[in-house]
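Have a look at target.pdb below; it lists PDB, C-alpha atoms, pLDDT in the B column.
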ATOM      1  CA  MET A   1       9.712 -53.276 -25.498  1.00 56.00           C
ATOM      2  CA  ASN A   2      10.918 -55.339 -28.476  1.00 58.00           C
ATOM      3  CA  HIS A   3       9.087 -55.677 -31.774  1.00 57.00           C
ATOM      4  CA  ALA A   4       7.351 -58.948 -30.836  1.00 55.00           C
ATOM      5  CA  GLU A   5       6.077 -57.477 -27.550  1.00 58.00           C
ATOM      6  CA  LEU A   6       4.904 -54.339 -29.329  1.00 53.00           C
ATOM      7  CA  TYR A   7       3.062 -56.440 -31.898  1.00 51.00           C
ATOM      8  CA  ASP A   8       1.471 -58.548 -29.152  1.00 60.00           C
ATOM      9  CA  ALA A   9       0.288 -55.344 -27.449  1.00 74.00           C
ATOM     10  CA  ARG A  10      -1.614 -54.445 -30.643  1.00 81.00           C
ATOM     11  CA  PRO A  11      -3.802 -57.468 -31.407  1.00 84.00           C
ATOM     12  CA  TRP A  12      -5.787 -55.583 -34.082  1.00 86.00           C
ATOM     13  CA  GLN A  13      -2.719 -55.707 -36.309  1.00 84.00           C
ATOM     14  CA  THR A  14      -3.331 -59.405 -36.933  1.00 84.00           C
ATOM     15  CA  HIS A  15      -6.337 -58.260 -39.017  1.00 89.00           C
ATOM     16  CA  TYR A  16      -4.305 -55.905 -41.246  1.00 89.00           C
ATOM     17  CA  ALA A  17      -4.039 -56.868 -44.917  1.00 91.00           C
ATOM     18  CA  HIS A  18      -0.684 -58.278 -45.964  1.00 89.00           C
ATOM     19  CA  GLY A  19       1.739 -55.438 -46.641  1.00 89.00           C
ATOM     20  CA  THR A  20      -0.091 -52.869 -44.503  1.00 90.00           C
ATOM     21  CA  LEU A  21       2.297 -50.795 -42.423  1.00 88.00           C
ATOM     22  CA  ALA A  22       1.776 -51.032 -38.694  1.00 84.00           C
ATOM     23  CA  ASN A  23       3.293 -47.603 -38.072  1.00 85.00           C
ATOM     24  CA  LEU A  24       3.034 -44.549 -40.270  1.00 84.00           C
ATOM     25  CA  ALA A  25       5.500 -41.709 -40.431  1.00 86.00           C
ATOM     26  CA  ALA A  26       4.436 -38.459 -38.818  1.00 85.00           C
ATOM     27  CA  PRO A  27       2.861 -36.051 -41.301  1.00 82.00           C
ATOM     28  CA  SER A  28       5.225 -33.457 -42.740  1.00 86.00           C
ATOM     29  CA  ALA A  29       2.689 -30.641 -42.305  1.00 89.00           C
ATOM     30  CA  ASN A  30       2.619 -28.666 -39.076  1.00 91.00           C
ATOM     31  CA  SER A  31      -1.127 -28.005 -39.241  1.00 91.00           C
ATOM     32  CA  LEU A  32      -4.241 -29.184 -41.012  1.00 89.00           C
ATOM     33  CA  ALA A  33      -4.290 -25.913 -42.974  1.00 89.00           C
ATOM     34  CA  GLU A  34      -0.769 -26.650 -44.228  1.00 93.00           C
ATOM     35  CA  MET A  35      -1.846 -30.192 -45.102  1.00 93.00           C
ATOM     36  CA  VAL A  36      -4.711 -28.799 -47.225  1.00 93.00           C
ATOM     37  CA  ARG A  37      -2.282 -26.496 -49.049  1.00 94.00           C
ATOM     38  CA  ASN A  38       0.179 -29.359 -49.619  1.00 94.00           C
ATOM     39  CA  ALA A  39      -2.611 -31.566 -51.000  1.00 95.00           C
ATOM     40  CA  ALA A  40      -3.658 -28.773 -53.377  1.00 95.00           C
ATOM     41  CA  ASN A  41      -0.076 -28.411 -54.596  1.00 95.00           C
ATOM     42  CA  GLN A  42       0.352 -32.142 -55.043  1.00 95.00           C
ATOM     43  CA  PHE A  43      -3.065 -33.147 -56.404  1.00 97.00           C
ATOM     44  CA  GLY A  44      -4.430 -29.814 -57.786  1.00 95.00           C
ATOM     45  CA  LEU A  45      -7.028 -30.811 -60.351  1.00 97.00           C
ATOM     46  CA  LYS A  46      -7.825 -34.248 -58.932  1.00 98.00           C
ATOM     47  CA  THR A  47     -11.219 -34.704 -57.294  1.00 97.00           C
ATOM     48  CA  ALA A  48     -11.169 -34.125 -53.549  1.00 97.00           C
ATOM     49  CA  PHE A  49     -14.875 -34.258 -52.667  1.00 96.00           C
ATOM     50  CA  SER A  50     -17.996 -35.374 -54.518  1.00 96.00           C
ATOM     51  CA  LEU A  51     -21.681 -35.238 -53.698  1.00 94.00           C
ATOM     52  CA  CYS A  52     -24.633 -37.006 -55.246  1.00 92.00           C
ATOM     53  CA  LEU A  53     -28.073 -35.727 -54.265  1.00 87.00           C
ATOM     54  CA  PRO A  54     -31.117 -38.022 -54.028  1.00 90.00           C
ATOM     55  CA  ASP A  55     -32.348 -36.738 -57.413  1.00 90.00           C
ATOM     56  CA  GLY A  56     -29.119 -37.982 -59.039  1.00 91.00           C
ATOM     57  CA  THR A  57     -27.521 -34.555 -59.416  1.00 91.00           C
ATOM     58  CA  ARG A  58     -23.760 -34.773 -58.925  1.00 94.00           C
ATOM     59  CA  ALA A  59     -21.000 -32.266 -58.258  1.00 96.00           C
ATOM     60  CA  SER A  60     -17.331 -32.375 -57.279  1.00 96.00           C
ATOM     61  CA  LEU A  61     -14.588 -30.045 -56.115  1.00 97.00           C
ATOM     62  CA  ASN A  62     -10.899 -30.613 -56.708  1.00 97.00           C
ATOM     63  CA  PHE A  63      -8.057 -30.098 -54.238  1.00 97.00           C
ATOM     64  CA  GLY A  64      -7.124 -26.736 -55.745  1.00 97.00           C
ATOM     65  CA  GLN A  65     -10.699 -25.440 -55.479  1.00 97.00           C
ATOM     66  CA  ILE A  66     -10.953 -26.574 -51.860  1.00 97.00           C
ATOM     67  CA  ASP A  67      -7.728 -24.756 -51.011  1.00 97.00           C
ATOM     68  CA  GLN A  68      -8.718 -21.558 -52.823  1.00 97.00           C
ATOM     69  CA  LEU A  69     -12.302 -21.460 -51.524  1.00 97.00           C
ATOM     70  CA  SER A  70     -11.264 -22.233 -47.941  1.00 98.00           C
ATOM     71  CA  ASP A  71      -8.709 -19.384 -48.170  1.00 98.00           C
ATOM     72  CA  GLN A  72     -11.519 -17.076 -49.267  1.00 98.00           C
ATOM     73  CA  PHE A  73     -13.745 -18.220 -46.419  1.00 98.00           C
ATOM     74  CA  ALA A  74     -10.892 -17.700 -43.937  1.00 98.00           C
ATOM     75  CA  GLN A  75     -10.488 -14.163 -45.234  1.00 98.00           C
ATOM     76  CA  TYR A  76     -14.239 -13.600 -44.896  1.00 98.00           C
ATOM     77  CA  LEU A  77     -14.123 -14.725 -41.261  1.00 98.00           C
ATOM     78  CA  ARG A  78     -11.123 -12.549 -40.372  1.00 98.00           C
ATOM     79  CA  GLY A  79     -11.711  -9.573 -42.690  1.00 98.00           C
ATOM     80  CA  THR A  80     -15.472  -9.174 -42.972  1.00 98.00           C
ATOM     81  CA  LEU A  81     -16.702 -10.758 -39.739  1.00 98.00           C
ATOM     82  CA  LYS A  82     -13.644  -9.497 -37.804  1.00 98.00           C
ATOM     83  CA  LEU A  83     -13.085 -12.766 -35.958  1.00 98.00           C
ATOM     84  CA  ASN A  84      -9.867 -13.182 -34.025  1.00 98.00           C
ATOM     85  CA  GLN A  85      -7.611 -16.172 -33.622  1.00 97.00           C
ATOM     86  CA  GLY A  86      -9.241 -18.532 -31.122  1.00 97.00           C
ATOM     87  CA  ASP A  87     -12.815 -17.357 -31.763  1.00 98.00           C
ATOM     88  CA  ARG A  88     -15.242 -20.226 -32.088  1.00 98.00           C
ATOM     89  CA  VAL A  89     -17.271 -20.896 -35.222  1.00 98.00           C
ATOM     90  CA  ALA A  90     -20.098 -23.433 -35.027  1.00 98.00           C
ATOM     91  CA  VAL A  91     -20.785 -25.503 -38.136  1.00 98.00           C
ATOM     92  CA  GLN A  92     -24.132 -27.236 -38.425  1.00 96.00           C
ATOM     93  CA  MET A  93     -24.244 -28.994 -41.750  1.00 94.00           C
ATOM     94  CA  PRO A  94     -24.440 -32.504 -43.129  1.00 91.00           C
ATOM     95  CA  ASN A  95     -21.915 -33.936 -45.544  1.00 89.00           C
ATOM     96  CA  CYS A  96     -22.031 -31.442 -48.398  1.00 93.00           C
ATOM     97  CA  LEU A  97     -19.503 -29.681 -50.596  1.00 95.00           C
ATOM     98  CA  ALA A  98     -19.555 -26.554 -48.442  1.00 96.00           C
ATOM     99  CA  TYR A  99     -18.455 -28.485 -45.336  1.00 97.00           C
ATOM    100  CA  PRO A 100     -14.734 -28.961 -46.180  1.00 97.00           C
ATOM    101  CA  ILE A 101     -14.503 -25.381 -47.435  1.00 97.00           C
ATOM    102  CA  VAL A 102     -16.019 -24.001 -44.244  1.00 98.00           C
ATOM    103  CA  SER A 103     -14.090 -26.328 -41.926  1.00 97.00           C
ATOM    104  CA  PHE A 104     -10.708 -25.749 -43.535  1.00 97.00           C
ATOM    105  CA  GLY A 105     -11.430 -22.018 -43.773  1.00 98.00           C
ATOM    106  CA  ILE A 106     -12.138 -21.852 -40.046  1.00 98.00           C
ATOM    107  CA  LEU A 107      -8.842 -23.585 -39.287  1.00 96.00           C
ATOM    108  CA  LYS A 108      -6.914 -21.418 -41.750  1.00 97.00           C
ATOM    109  CA  ALA A 109      -8.347 -18.331 -40.031  1.00 97.00           C
ATOM    110  CA  GLY A 110      -6.974 -19.583 -36.718  1.00 97.00           C
ATOM    111  CA  CYS A 111     -10.458 -20.034 -35.313  1.00 98.00           C
ATOM    112  CA  ILE A 112     -11.844 -23.021 -33.456  1.00 98.00           C
ATOM    113  CA  LEU A 113     -14.214 -25.336 -35.298  1.00 98.00           C
ATOM    114  CA  VAL A 114     -17.264 -26.384 -33.273  1.00 98.00           C
ATOM    115  CA  ASN A 115     -19.233 -29.124 -35.012  1.00 97.00           C
ATOM    116  CA  VAL A 116     -22.939 -29.066 -34.221  1.00 96.00           C
ATOM    117  CA  ASN A 117     -24.998 -32.109 -35.100  1.00 94.00           C
ATOM    118  CA  PRO A 118     -27.340 -31.078 -37.927  1.00 91.00           C
ATOM    119  CA  LEU A 119     -30.063 -33.277 -36.451  1.00 91.00           C
ATOM    120  CA  TYR A 120     -30.093 -31.442 -33.116  1.00 92.00           C
ATOM    121  CA  THR A 121     -33.341 -29.963 -31.959  1.00 91.00           C
ATOM    122  CA  ALA A 122     -33.425 -26.215 -31.372  1.00 90.00           C
ATOM    123  CA  SER A 123     -33.003 -26.867 -27.643  1.00 92.00           C
ATOM    124  CA  GLU A 124     -29.929 -29.077 -28.128  1.00 95.00           C
ATOM    125  CA  MET A 125     -28.486 -26.571 -30.572  1.00 94.00           C
ATOM    126  CA  HIS A 126     -29.076 -23.746 -28.084  1.00 94.00           C
ATOM    127  CA  HIS A 127     -27.231 -25.661 -25.365  1.00 95.00           C
ATOM    128  CA  GLN A 128     -24.192 -26.378 -27.564  1.00 96.00           C
ATOM    129  CA  LEU A 129     -23.966 -22.808 -28.886  1.00 96.00           C
ATOM    130  CA  ASN A 130     -23.997 -21.472 -25.332  1.00 96.00           C
ATOM    131  CA  ASP A 131     -21.573 -24.091 -24.068  1.00 97.00           C
ATOM    132  CA  SER A 132     -19.093 -23.500 -26.910  1.00 97.00           C
ATOM    133  CA  HIS A 133     -19.295 -19.682 -26.859  1.00 97.00           C
ATOM    134  CA  ALA A 134     -19.479 -19.678 -30.665  1.00 98.00           C
ATOM    135  CA  LYS A 135     -19.591 -16.201 -32.204  1.00 98.00           C
ATOM    136  CA  VAL A 136     -20.664 -17.392 -35.647  1.00 98.00           C
ATOM    137  CA  LEU A 137     -22.947 -20.191 -36.810  1.00 97.00           C
ATOM    138  CA  VAL A 138     -22.520 -21.612 -40.308  1.00 97.00           C
ATOM    139  CA  SER A 139     -25.508 -23.723 -41.269  1.00 95.00           C
ATOM    140  CA  ILE A 140     -27.201 -25.142 -44.311  1.00 91.00           C
ATOM    141  CA  ASP A 141     -30.404 -23.705 -45.768  1.00 87.00           C
ATOM    142  CA  VAL A 142     -32.484 -26.847 -45.167  1.00 84.00           C
ATOM    143  CA  PHE A 143     -32.083 -26.386 -41.383  1.00 78.00           C
ATOM    144  CA  GLY A 144     -33.028 -22.714 -41.422  1.00 77.00           C
ATOM    145  CA  ASP A 145     -36.364 -23.337 -39.724  1.00 78.00           C
ATOM    146  CA  LYS A 146     -34.823 -24.097 -36.314  1.00 80.00           C
ATOM    147  CA  ILE A 147     -32.065 -21.489 -36.310  1.00 87.00           C
ATOM    148  CA  ASN A 148     -34.074 -18.683 -34.734  1.00 84.00           C
ATOM    149  CA  ASP A 149     -35.210 -20.853 -31.822  1.00 84.00           C
ATOM    150  CA  GLY A 150     -31.733 -22.294 -31.334  1.00 87.00           C
ATOM    151  CA  LEU A 151     -29.989 -18.899 -31.345  1.00 89.00           C
ATOM    152  CA  HIS A 152     -32.141 -17.270 -28.682  1.00 87.00           C
ATOM    153  CA  ASP A 153     -29.870 -15.911 -25.888  1.00 91.00           C
ATOM    154  CA  THR A 154     -26.607 -17.344 -27.263  1.00 95.00           C
ATOM    155  CA  PRO A 155     -23.309 -15.559 -27.951  1.00 96.00           C
ATOM    156  CA  VAL A 156     -23.776 -16.086 -31.713  1.00 96.00           C
ATOM    157  CA  GLU A 157     -23.449 -12.712 -33.438  1.00 96.00           C
ATOM    158  CA  LYS A 158     -23.660 -13.771 -37.091  1.00 96.00           C
ATOM    159  CA  VAL A 159     -25.242 -16.587 -39.074  1.00 95.00           C
ATOM    160  CA  VAL A 160     -23.862 -17.699 -42.434  1.00 96.00           C
ATOM    161  CA  LEU A 161     -26.103 -19.916 -44.551  1.00 94.00           C
ATOM    162  CA  ALA A 162     -24.847 -22.210 -47.274  1.00 94.00           C
ATOM    163  CA  ARG A 163     -27.160 -23.948 -49.711  1.00 90.00           C
ATOM    164  CA  ILE A 164     -27.131 -27.693 -50.168  1.00 86.00           C
ATOM    165  CA  ARG A 165     -26.895 -27.122 -53.940  1.00 85.00           C
ATOM    166  CA  ASP A 166     -23.909 -24.761 -53.742  1.00 87.00           C
ATOM    167  CA  PHE A 167     -21.211 -25.747 -56.260  1.00 88.00           C
ATOM    168  CA  PHE A 168     -23.662 -27.561 -58.535  1.00 87.00           C
ATOM    169  CA  ASN A 169     -23.794 -26.212 -62.112  1.00 73.00           C
TER     170      ASN A 169
END

Please render this file's structure as structure tokens.
Amino acid sequence: MNHAELYDARPWQTHYAHGTLANLAAPSANSLAEMVRNAANQFGLKTAFSLCLPDGTRASLNFGQIDQLSDQFAQYLRGTLKLNQGDRVAVQMPNCLAYPIVSFGILKAGCILVNVNPLYTASEMHHQLNDSHAKVLVSIDVFGDKINDGLHDTPVEKVVLARIRDFFN
């Protein structure tokens, strides 16, 4: 297939801004965990994630903090909770500063990230936890009221709760 045929096979490219590359080079990192580490080395103190709460309170974490904190969470999963590579960890949280730390930590630990919609009912949560065979559930404090009902008769052995205001000074 020549360049013109390839371009014709991708009609969305006609909507790209002038100068936008149609094809990107493959990432140099071999894993998402390595990509996080590379970003921390390259961008260190630059802001990676920010959160503004409805009351106007704001907080941010930089690339270096995300890398360090996700390393610590990975060690917690493997060392304290004794999870093995391939164990599933369910994460039920909205966009918050704890989410990238938890998600990257799960991947760095060699575990499998199972996202659970934070708006699920206890019944929907129960179904997904059973279906995924998650051993650990990481959730946010504001959803604590439905955890007990959702965990009933699931393989979840431990629950880790983060607070929505974690990382705010």

Quiz prompt | Top pick for closest residue to Ala74 in chain A, considering A:Asp87, A:Ser60, A:Gly110, A:Phe43 and counting all atoms listed in the file | solution = A:Gly110

Using the chain letters and numbers from this file, what does the PyMOL selection byres ((chain A and resi 116-125) around 9) select? Give the answer as a PDB file with C-alpha atoms, in the frame of the given file.
ATOM      1  CA  ALA A  90     -20.098 -23.433 -35.027  1.00 98.00           C
ATOM      2  CA  VAL A  91     -20.785 -25.503 -38.136  1.00 98.00           C
ATOM      3  CA  GLN A  92     -24.132 -27.236 -38.425  1.00 96.00           C
ATOM      4  CA  MET A  93     -24.244 -28.994 -41.750  1.00 94.00           C
ATOM      5  CA  PRO A  94     -24.440 -32.504 -43.129  1.00 91.00           C
ATOM      6  CA  VAL A 114     -17.264 -26.384 -33.273  1.00 98.00           C
ATOM      7  CA  ASN A 115     -19.233 -29.124 -35.012  1.00 97.00           C
ATOM      8  CA  HIS A 126     -29.076 -23.746 -28.084  1.00 94.00           C
ATOM      9  CA  HIS A 127     -27.231 -25.661 -25.365  1.00 95.00           C
ATOM     10  CA  GLN A 128     -24.192 -26.378 -27.564  1.00 96.00           C
ATOM     11  CA  LEU A 129     -23.966 -22.808 -28.886  1.00 96.00           C
ATOM     12  CA  ASN A 130     -23.997 -21.472 -25.332  1.00 96.00           C
ATOM     13  CA  SER A 139     -25.508 -23.723 -41.269  1.00 95.00           C
ATOM     14  CA  ILE A 140     -27.201 -25.142 -44.311  1.00 91.00           C
ATOM     15  CA  PHE A 143     -32.083 -26.386 -41.383  1.00 78.00           C
ATOM     16  CA  LYS A 146     -34.823 -24.097 -36.314  1.00 80.00           C
ATOM     17  CA  ILE A 147     -32.065 -21.489 -36.310  1.00 87.00           C
ATOM     18  CA  ASN A 148     -34.074 -18.683 -34.734  1.00 84.00           C
ATOM     19  CA  ASP A 149     -35.210 -20.853 -31.822  1.00 84.00           C
ATOM     20  CA  GLY A 150     -31.733 -22.294 -31.334  1.00 87.00           C
ATOM     21  CA  LEU A 151     -29.989 -18.899 -31.345  1.00 89.00           C
TER      22      LEU A 151
END

Self-check item: From A:Leu32, A:Ala98, A:Thr154, A:Tyr16, residue lying nearest Ala59 in chain A [all atoms listed in the file]
Solution: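 Of A:Leu32, A:Ala98, A:Thr154, A:Tyr16, the one nearest Ala59 in chain A, counting all atoms listed in the file, is A:Ala98.
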
Quiz prompt | Long-range neighbours of Arg78 in chain A as a PyMOL selection string, 12 Å cut-off, only C-alpha atoms, 5 positions minimum in chain | solution = chain A and resi 71-73+83-87+89+105-111+136

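Of note, CA of Val159 in chain A and CA of Leu77 in chain A are spaced 11.5 Å apart.
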
Quiz item: Can you list, as a PyMOL selection string, the residues that the PyMOL selection byres ((chain A and resi 69) around 12) selects here?
Solution: chain A and resi 36-37+40+61-68+70-76+97-106+108+167

Write the residues of the preceding selection, restricted to C-alpha atoms, as a PDB file, keeping the file's coordinate frame.
ATOM      1  CA  VAL A  36      -4.711 -28.799 -47.225  1.00 93.00           C
ATOM      2  CA  ARG A  37      -2.282 -26.496 -49.049  1.00 94.00           C
ATOM      3  CA  ALA A  40      -3.658 -28.773 -53.377  1.00 95.00           C
ATOM      4  CA  LEU A  61     -14.588 -30.045 -56.115  1.00 97.00           C
ATOM      5  CA  ASN A  62     -10.899 -30.613 -56.708  1.00 97.00           C
ATOM      6  CA  PHE A  63      -8.057 -30.098 -54.238  1.00 97.00           C
ATOM      7  CA  GLY A  64      -7.124 -26.736 -55.745  1.00 97.00           C
ATOM      8  CA  GLN A  65     -10.699 -25.440 -55.479  1.00 97.00           C
ATOM      9  CA  ILE A  66     -10.953 -26.574 -51.860  1.00 97.00           C
ATOM     10  CA  ASP A  67      -7.728 -24.756 -51.011  1.00 97.00           C
ATOM     11  CA  GLN A  68      -8.718 -21.558 -52.823  1.00 97.00           C
ATOM     12  CA  SER A  70     -11.264 -22.233 -47.941  1.00 98.00           C
ATOM     13  CA  ASP A  71      -8.709 -19.384 -48.170  1.00 98.00           C
ATOM     14  CA  GLN A  72     -11.519 -17.076 -49.267  1.00 98.00           C
ATOM     15  CA  PHE A  73     -13.745 -18.220 -46.419  1.00 98.00           C
ATOM     16  CA  ALA A  74     -10.892 -17.700 -43.937  1.00 98.00           C
ATOM     17  CA  GLN A  75     -10.488 -14.163 -45.234  1.00 98.00           C
ATOM     18  CA  TYR A  76     -14.239 -13.600 -44.896  1.00 98.00           C
ATOM     19  CA  LEU A  97     -19.503 -29.681 -50.596  1.00 95.00           C
ATOM     20  CA  ALA A  98     -19.555 -26.554 -48.442  1.00 96.00           C
ATOM     21  CA  TYR A  99     -18.455 -28.485 -45.336  1.00 97.00           C
ATOM     22  CA  PRO A 100     -14.734 -28.961 -46.180  1.00 97.00           C
ATOM     23  CA  ILE A 101     -14.503 -25.381 -47.435  1.00 97.00           C
ATOM     24  CA  VAL A 102     -16.019 -24.001 -44.244  1.00 98.00           C
ATOM     25  CA  SER A 103     -14.090 -26.328 -41.926  1.00 97.00           C
ATOM     26  CA  PHE A 104     -10.708 -25.749 -43.535  1.00 97.00           C
ATOM     27  CA  GLY A 105     -11.430 -22.018 -43.773  1.00 98.00           C
ATOM     28  CA  ILE A 106     -12.138 -21.852 -40.046  1.00 98.00           C
ATOM     29  CA  LYS A 108      -6.914 -21.418 -41.750  1.00 97.00           C
ATOM     30  CA  PHE A 167     -21.211 -25.747 -56.260  1.00 88.00           C
TER      31      PHE A 167
END

Quiz item: In Å to one decimal, how far is CA of Arg165 in chain A from CA of Ala134 in chain A?
Solution: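 Atom-to-atom, CA of Ala134 in chain A to CA of Arg165 in chain A, that is 25.5 Å.
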
Quiz item: When distances are computed from all atoms listed in the file, which of A:Gly56, A:Gly44, A:Gly144, A:Pro27 shows the smallest separation from Phe168 in chain A?
Solution: A:Gly56

Quiz prompt | Expected selection from the PyMOL selection byres ((chain A and resi 164) around 7), given as a VMD selection string | solution = chain A and resid 96 140 to 141 162 to 163 165 to 166

Quiz item: Which value, in Å to one decimal, gives the distance between CA of Ala26 in chain A and CA of Ala48 in chain A?
Solution: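 Computed distance, CA of Ala26 in chain A to CA of Ala48 in chain A, equals 21.9 Å.
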
Is it possible to get the axis-aligned box enclosing range 9-13 of chain A (all listed atoms, 6 Å extra per side) as lines of an AutoDock Vina configuration file, with centre and edge lengths in Å rounded to one decimal?
center_x = -2.7
center_y = -56.0
center_z = -31.9
size_x = 18.1
size_y = 15.0
size_z = 20.9

Atoms added to range 13-21 of chain A (all heavy atoms), reported as a JSON list (two decimals), keeping the file's coordinate frame:
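Below you can see part_11.json, which holds the result:
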[["chain", "number", "residue", "atom", "x", "y", "z"],
["A", 13, "GLN", "N", -3.60, -55.64, -35.15],
["A", 13, "GLN", "CA", -2.72, -55.71, -36.31],
["A", 13, "GLN", "C", -2.77, -57.07, -36.99],
["A", 13, "GLN", "O", -2.41, -57.18, -38.17],
["A", 13, "GLN", "CB", -1.29, -55.35, -35.92],
["A", 13, "GLN", "CG", -1.15, -53.88, -35.57],
["A", 13, "GLN", "CD", 0.27, -53.52, -35.14],
["A", 13, "GLN", "OE1", 1.09, -54.38, -34.88],
["A", 13, "GLN", "NE2", 0.54, -52.22, -35.08],
["A", 14, "THR", "N", -3.21, -58.09, -36.30],
["A", 14, "THR", "CA", -3.33, -59.40, -36.93],
["A", 14, "THR", "C", -4.39, -59.38, -38.03],
["A", 14, "THR", "O", -4.42, -60.27, -38.88],
["A", 14, "THR", "CB", -3.68, -60.50, -35.90],
["A", 14, "THR", "OG1", -4.93, -60.19, -35.30],
["A", 14, "THR", "CG2", -2.60, -60.62, -34.84],
["A", 15, "HIS", "N", -5.26, -58.37, -38.03],
["A", 15, "HIS", "CA", -6.34, -58.26, -39.02],
["A", 15, "HIS", "C", -5.96, -57.35, -40.19],
["A", 15, "HIS", "O", -6.76, -57.18, -41.11],
["A", 15, "HIS", "CB", -7.61, -57.75, -38.35],
["A", 15, "HIS", "CG", -8.08, -58.64, -37.25],
["A", 15, "HIS", "ND1", -8.75, -59.82, -37.47],
["A", 15, "HIS", "CD2", -7.96, -58.53, -35.90],
["A", 15, "HIS", "CE1", -9.02, -60.40, -36.31],
["A", 15, "HIS", "NE2", -8.54, -59.63, -35.34],
["A", 16, "TYR", "N", -4.76, -56.77, -40.16],
["A", 16, "TYR", "CA", -4.30, -55.90, -41.25],
["A", 16, "TYR", "C", -4.05, -56.75, -42.48],
["A", 16, "TYR", "O", -3.56, -57.88, -42.41],
["A", 16, "TYR", "CB", -3.00, -55.20, -40.87],
["A", 16, "TYR", "CG", -3.13, -54.05, -39.90],
["A", 16, "TYR", "CD1", -4.34, -53.71, -39.30],
["A", 16, "TYR", "CD2", -2.02, -53.28, -39.58],
["A", 16, "TYR", "CE1", -4.43, -52.66, -38.41],
["A", 16, "TYR", "CE2", -2.10, -52.22, -38.69],
["A", 16, "TYR", "CZ", -3.31, -51.92, -38.10],
["A", 16, "TYR", "OH", -3.40, -50.88, -37.23],
["A", 17, "ALA", "N", -4.34, -56.20, -43.65],
["A", 17, "ALA", "CA", -4.04, -56.87, -44.92],
["A", 17, "ALA", "C", -2.53, -57.01, -45.07],
["A", 17, "ALA", "O", -1.76, -56.17, -44.56],
["A", 17, "ALA", "CB", -4.62, -56.07, -46.07],
["A", 18, "HIS", "N", -2.11, -58.05, -45.75],
["A", 18, "HIS", "CA", -0.68, -58.28, -45.96],
["A", 18, "HIS", "C", -0.07, -57.04, -46.63],
["A", 18, "HIS", "O", -0.61, -56.50, -47.59],
["A", 18, "HIS", "CB", -0.47, -59.51, -46.85],
["A", 18, "HIS", "CG", 0.97, -59.77, -47.14],
["A", 18, "HIS", "ND1", 1.84, -60.24, -46.17],
["A", 18, "HIS", "CD2", 1.70, -59.61, -48.25],
["A", 18, "HIS", "CE1", 3.04, -60.35, -46.70],
["A", 18, "HIS", "NE2", 2.98, -59.98, -47.98],
["A", 19, "GLY", "N", 1.04, -56.59, -46.09],
["A", 19, "GLY", "CA", 1.74, -55.44, -46.64],
["A", 19, "GLY", "C", 1.33, -54.11, -46.03],
["A", 19, "GLY", "O", 1.90, -53.07, -46.35],
["A", 20, "THR", "N", 0.33, -54.11, -45.15],
["A", 20, "THR", "CA", -0.09, -52.87, -44.50],
["A", 20, "THR", "C", 0.91, -52.50, -43.42],
["A", 20, "THR", "O", 1.29, -53.34, -42.60],
["A", 20, "THR", "CB", -1.49, -53.04, -43.86],
["A", 20, "THR", "OG1", -2.41, -53.40, -44.88],
["A", 20, "THR", "CG2", -1.95, -51.76, -43.19],
["A", 21, "LEU", "N", 1.35, -51.26, -43.43],
["A", 21, "LEU", "CA", 2.30, -50.80, -42.42],
["A", 21, "LEU", "C", 1.62, -50.67, -41.07],
["A", 21, "LEU", "O", 0.51, -50.16, -40.96],
["A", 21, "LEU", "CB", 2.87, -49.44, -42.83],
["A", 21, "LEU", "CG", 3.69, -49.40, -44.11],
["A", 21, "LEU", "CD1", 4.09, -47.96, -44.44],
["A", 21, "LEU", "CD2", 4.92, -50.27, -43.98]]
